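Here's the structure, in structure tokens; my notes come after.
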Amino acid sequence: LVRDCLTELSIPAAAPLLRFCATVDGVPLLDLAAAYVRTFDRSRRRALHLTYYTDGDTRRRGSTLAALKARYRAHGWAPPEDELPDHLPLMLEFAARCPDPGTRLLRDHRAALELLRMSLTDHGSPYADVLRAVCDTLPGPSPADRAAALALARGGPPTET
């Protein structure tokens with residue numbers, strides 16, 4: 001279904017998503033699940049919770065997460081309670097439901113998205129194509145976005161002092 005929909009679209013972001021679909025086509029579901037866990041759940045460099053890159057596991061992250069929830073509510077959307085509001089799939093769903101504020105939200109986290117994309121590319125993960133598609137739909141990237149991503153990579157997530 002995803003491949004069929006993407007084929008009908010004539011947008012540049014469709015190409016990396018079609019590559020991802022081709023890569024995972026025919027891979028058994030349990031193997032895909034295991035690869036997902038290895039990719040995202042066992043590495044801090046490939047976290048899907050975007051505020052982890054900017055706030056780490058600090059108290060400041062709690063206020064950032066609360067602000068994200070408030071932002072969602074201000075636009076009439078209540079994400080599921082069983083996931084943190086900075087989880088990339090939730091942020092993407094918000095952007096799909098509320099394009100203007102959702103794009104601004106993703107743009108606000110552009111450095112983390114770029115860092116995640118670079119980490120997935122270095123890891124040789126097919127998910128790098130999915131992040132490439134996300135990044136390709138956002139305004140930019142500017143050299144400042146890449147510089148911010150590299151600064152996040154060098155410094156790592158903040159820690160409590």
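Labeling convention for the structure tokens: chains A, B, ... as they appear, residues from 1 per chain, ligands from 1 in order of appearance.
Within 8 Å of Asp129 (chain A), once only C-alpha atoms are used and residues closer than 6 positions along the same chain are dropped, the contacting residues are Pro16, Leu17, Arg19 and Phe20 of chain A.
Those residues that approach region 92-95 of chain A to within 9 Å, counting only C-alpha atoms, are Tyr72, Trp77, Pro79, His87, Leu88, Pro99, Asp100, Pro101, Gly102, Thr103, Arg104, Leu105, Leu106 and Val134 of chain A; same-chain residues fewer than 4 positions away are not listed.
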Keeping only C-alpha atoms, write those residues as a CSV table (one decimal), in the first residue's frame.
```csv
chain,number,residue,atom,x,y,z
A,72,TYR,CA,-0.1,19.3,20.7
A,77,TRP,CA,-4.4,16.8,19.2
A,79,PRO,CA,-1.3,11.8,21.3
A,87,HIS,CA,8.9,10.2,19.8
A,88,LEU,CA,9.6,10.9,16.1
A,99,PRO,CA,1.0,20.8,8.8
A,100,ASP,CA,2.0,24.3,9.7
A,101,PRO,CA,2.7,23.9,13.4
A,102,GLY,CA,4.0,20.3,12.7
A,103,THR,CA,6.5,21.5,10.2
A,104,ARG,CA,7.7,24.2,12.7
A,105,LEU,CA,8.1,21.5,15.4
A,106,LEU,CA,10.1,19.3,13.1
A,134,VAL,CA,11.7,13.4,6.4
```
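Proximity to Ala67 (chain A) was assessed for A:Pro28, A:Pro139, A:Pro85, A:Pro126 counting only C-alpha atoms; the smallest distance is recorded for A:Pro85.
The shortest atom-to-atom distance to Val130 (chain A), with only C-alpha atoms taken into account, belongs to A:Ala14 out of A:Pro80, A:Ala14, A:Leu29, A:Ala47.
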Backbone DSSP call of helix (DSSP H, G or I) for chain A, listed as a ChimeraX atom specification
/A:2-8,14-24,29-41,44-46,51-55,59-74,88-97,99-108,110-123,127-137,143-155
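Closest approach to Glu81 (chain A) among A:Phe40, A:Arg97, A:Leu113, A:Lys69: A:Lys69, based on only C-alpha atoms.
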Using only C-alpha atoms for the distances, tell me which of A:Ala133, A:Thr51, A:Leu138, A:Arg60 is nearest to Ala15 (chain A).
A:Ala133
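Between CA of Arg107 (chain A) and CA of Asp136 (chain A) the interatomic distance comes to 11.5 Å.
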Can you tell me how far CA of Thr121 (chain A) sits from CA of Glu8 (chain A), in Å to one decimal?
26.8 Å
